[in-house]
Amino acid sequence: MTRSTIKAPSLLGRRSFLKASGAVAAAAGASSLLMPSSAFAQDFPARNMDIIIPTGEGGGADRDARAFASVWGKHLPTNFQFGYYPGAAGQVGYEFYMSREPDAYSLIFANLGPEVIMLELQDTGISVGEDIVFIQQTLSEPMCVWVGPNSPHRTLEELVEVGRNRPITVAVSRLPHPASIGMLALGEALGIEIVLVPYGGGNPTAMAAITMEVDCAALPITNSIVLGDQSIVLGVFADENVAPDGTDNAPAVNAALGTSIPALTSSRAWGVHRAAYDAHPERVARLVESMQATLADPDYVSAVEGAGVPSVFIDPGDESVAMASAQATIELARRYRDLLTGS
Amino acid sequence: MDMSIAGLAELFFYSASMWWVIIPAVVVGILMGAIPGFAAHNTIIMLLPLTLAVDVNIALTFMVALYCASHLGGGIPAILLNIPGTGGAAATTLDGYPMSQQGKASKALALSFVASIMAGLITSGVTLFLLQYLSQVGFYIRSVEMVVVMLFGLALIAAIAAQDMLKGLIAGALGLMLGAMGADHIYATPRGTFGILELFDGVPLVPALIGLFAISEALIMLEKRTIAPEASARAMPTWGETLREILGAFKHWFMMLWSSLLGLIIGVMPGAGASIAAFVAYQQARTYSRTPEKFGTGHEQGVIAPEAANNGVTTGTLVPLLAIGVPGGSTAAVMMVVLQFHGVPFGPRLFVQDPILAYGVIMSMFVAYIFMLVTLFPLTRYLSRITVVANYYMAPMIVAFTLVGAFVPRNFMADLTIAVAFGIIGYIARKTGYNVAAILIGVILGPLLERSFLLSMRISGGDPMIFFSSTIGNILWALLAITLLASPSISLLRKMRRKGDIY
């Protein structure tokens, strides 16, 4: 081996390497100032995404978030880590989410109806829009009132008739919930007393209705649909029942009873810190782009139906739609504040 | 919902052919169950990507075997180190650990393993034949009845307090007060949280458990060289002695049968779980024992009852999921996620569309317990040696491992602080003669009692007579009264007999 051959590699020796890399870094730095921010979006996500679910594992939010993530990975190549933070009607999950680094790697999977009501009614210090932005809506479903298979009340009219003689006990997931508002509005409209009994989650609420500990349950309609023969839907808080097959062709509450209760829905939506939204617009844009691609993917429809949720509830909506849903819920919460807080 | 004997036999051999799934799941389950904080549902969540990726039969078999094994594993640190791996094993410490301190660790382990495995076999066997009847239990046990069931568990405080009434009751009351922290069940208004977010959902069980038992125990351990008497350090039980200890456990067959069935029934009740079952079983065993005064001092039945009950619960919690479609506990809820992901229906539709899968879940449990029989001998013989390891090695290891365990369930750094705070409470309680088990019973059962109480009162519109409005509830009240009166009555009768006043 000659000396020259030994020296040959020094064409890129330490000093040269440092100079070259310095130049490359400088060039990269300079170009980054000129290049559009989407160039950074190509590097995002560089690590796993954290999904915060403000309810327990095995619930509706878990089911829907996992159905979404099972397809999302195709459009956003990374892994999704789920964390469950139930408690205080969702407050624990939201407060924990706010304590996370606002870098767009942490997202919250929100159930807009109950959780926005909770944020409005409880002293959380978290404000929709100022602290959290809902960037993409995925699903929307109406609230419904239903009974267990052995219940003596087979129609909404029969249930109301019972209510003319004694208070009707209604199992709900929690007091700050659109389904609770629906039942309170129904009681107000018909002059019957409604007693809301919060069981702290969809599963125990369903169990209370099935075992007839209470007269009926009020929940998002999917909870009833996935239970199949174990539930009989009496009425839907919507203008029409868009899922007649899985709900015994139940009528709309207003049509059956002549009331004018506003349509009560709850939408699932992805939320991100306002600080991340402002500081990392390119990351948020990448997230939204991949979420919309997921929602347009036929595999997502299969995943949703596979989880027992009718695909008719897939309701893609961009930030403006999701934030408008949240705002409408805030107004509803303000209207029923006294009844929901017991004040 | 019924299945023929031939069908069950076929299912048994099919489940047994899944040995390659069951054995690793049993090993992982025992290990995770033995580490405080790593309960079955945490482990299953960690392994969810794996279970979602494989066939649903394999996934369910793996989860069920892991679930059962974790309950068996939970008794190991309870007996050897006075550290329950799960809430369900807390009652096992009451007599298991005193046995270890007396140099009878291998015997206590044999009792625990035999009780756990036999309970699992009994309850899964019973469930296979009586599933449709068991699923009806939930229809009769509602919030009103749950209040009485909780009171059965809380009655154990009185039993513990019998040794020092004032201190026992103070410890129980402290536990209830700590258990009342967190958001209230109706309006979600925070109470006694001092603004600490991590306490909004109440005092977290695992950090409290780890603090009261593990950390305080580690501090106490430093005062002695080893857990077991030094004399027992020399001898490890021979295989023959191990066999005799295992066979000796079978003399408590009736206690195993009764406690496991009690666990099964409590497991089927919505909202109940292994902790309640174990405390209730222990309390029942003590009440009707001929030697109640021996409980708490290293009594064999004090190990058998809670271990049989907490393993009986494992089958029971799956019944509501399979029969009704609503999970009966956190592990069953995670299993539901897997079923949903695979598009498998649950509840009655599961029995119509895929009865093999439905019964297969229970049969997998039965087979998993049979496989656990293999672990009996080596675990019993070798694990007892932990009690002769020098405490200055054990104490730091316990603190390190258990603090990780305190962090795992919720991933809150504050849970480490909560564990240390409870450790200090536990240490002070032990040094001053207050029973930490009584504190823990209050922490565990207090919030459950309050929830059921408030739900009942809300349903009744504030009328307390609702607690006496159901037949089952009234029967349970009568049984509670009998239980509370039985122990002093039996003691009085024995005393009179000894004096010769009665024959």
# chains A, B, ... in the order shown; residues from 1 in each chain; ligands from 1
>>> closest_atom_pairs(of="chain B", to="chain A", cutoff="6 Å", atoms="only C-alpha atoms", output="JSON lines")
{"residue": "B:Phe139", "atom": "CA", "partner": "A:Thr211", "partner_atom": "CA", "distance": 4.6}
{"residue": "B:Ala183", "atom": "CA", "partner": "A:Ala88", "partner_atom": "CA", "distance": 5.6}
{"residue": "B:Ala188", "atom": "CA", "partner": "A:Ala88", "partner_atom": "CA", "distance": 4.9}
{"residue": "B:Asp201", "atom": "CA", "partner": "A:Gly87", "partner_atom": "CA", "distance": 4.6}
{"residue": "B:Val326", "atom": "CA", "partner": "A:Asn203", "partner_atom": "CA", "distance": 5.9}
{"residue": "B:Ala333", "atom": "CA", "partner": "A:Gly58", "partner_atom": "CA", "distance": 4.6}
{"residue": "B:Val334", "atom": "CA", "partner": "A:Gly58", "partner_atom": "CA", "distance": 5.3}
{"residue": "B:Val337", "atom": "CA", "partner": "A:Gly58", "partner_atom": "CA", "distance": 5.4}
{"residue": "B:Gln340", "atom": "CA", "partner": "A:Ala307", "partner_atom": "CA", "distance": 4.9}
{"residue": "B:Phe341", "atom": "CA", "partner": "A:Ala307", "partner_atom": "CA", "distance": 5.8}
{"residue": "B:Gly343", "atom": "CA", "partner": "A:Gly306", "partner_atom": "CA", "distance": 4.6}
>>> residues_around(residues="Val64 in chain B", least_positions_apart="3", cutoff="7 Å", atoms="only C-alpha atoms", output="list in words")
Leu60, Thr61, Tyr67, Cys68, Ser364 and Met365 of chain B
>>> closest_residue(among="B:Leu247, B:Gln163, B:Tyr187, B:Tyr14", to="Ser173 in chain A", atoms="only C-alpha atoms")
B:Tyr187
>>> residues_around(residues="Glu158 in chain A", least_positions_apart="2", cutoff="12 Å", atoms="only C-alpha atoms", output="list in words")
Val147, Ser151, Pro152, His153, Arg154, Thr155, Leu156, Val160, Glu161, Val162, Gly163, Arg164, Asn165, Ile168, Asp215, Cys216, Leu234, Gly235, Ala256 and Leu257 of chain A
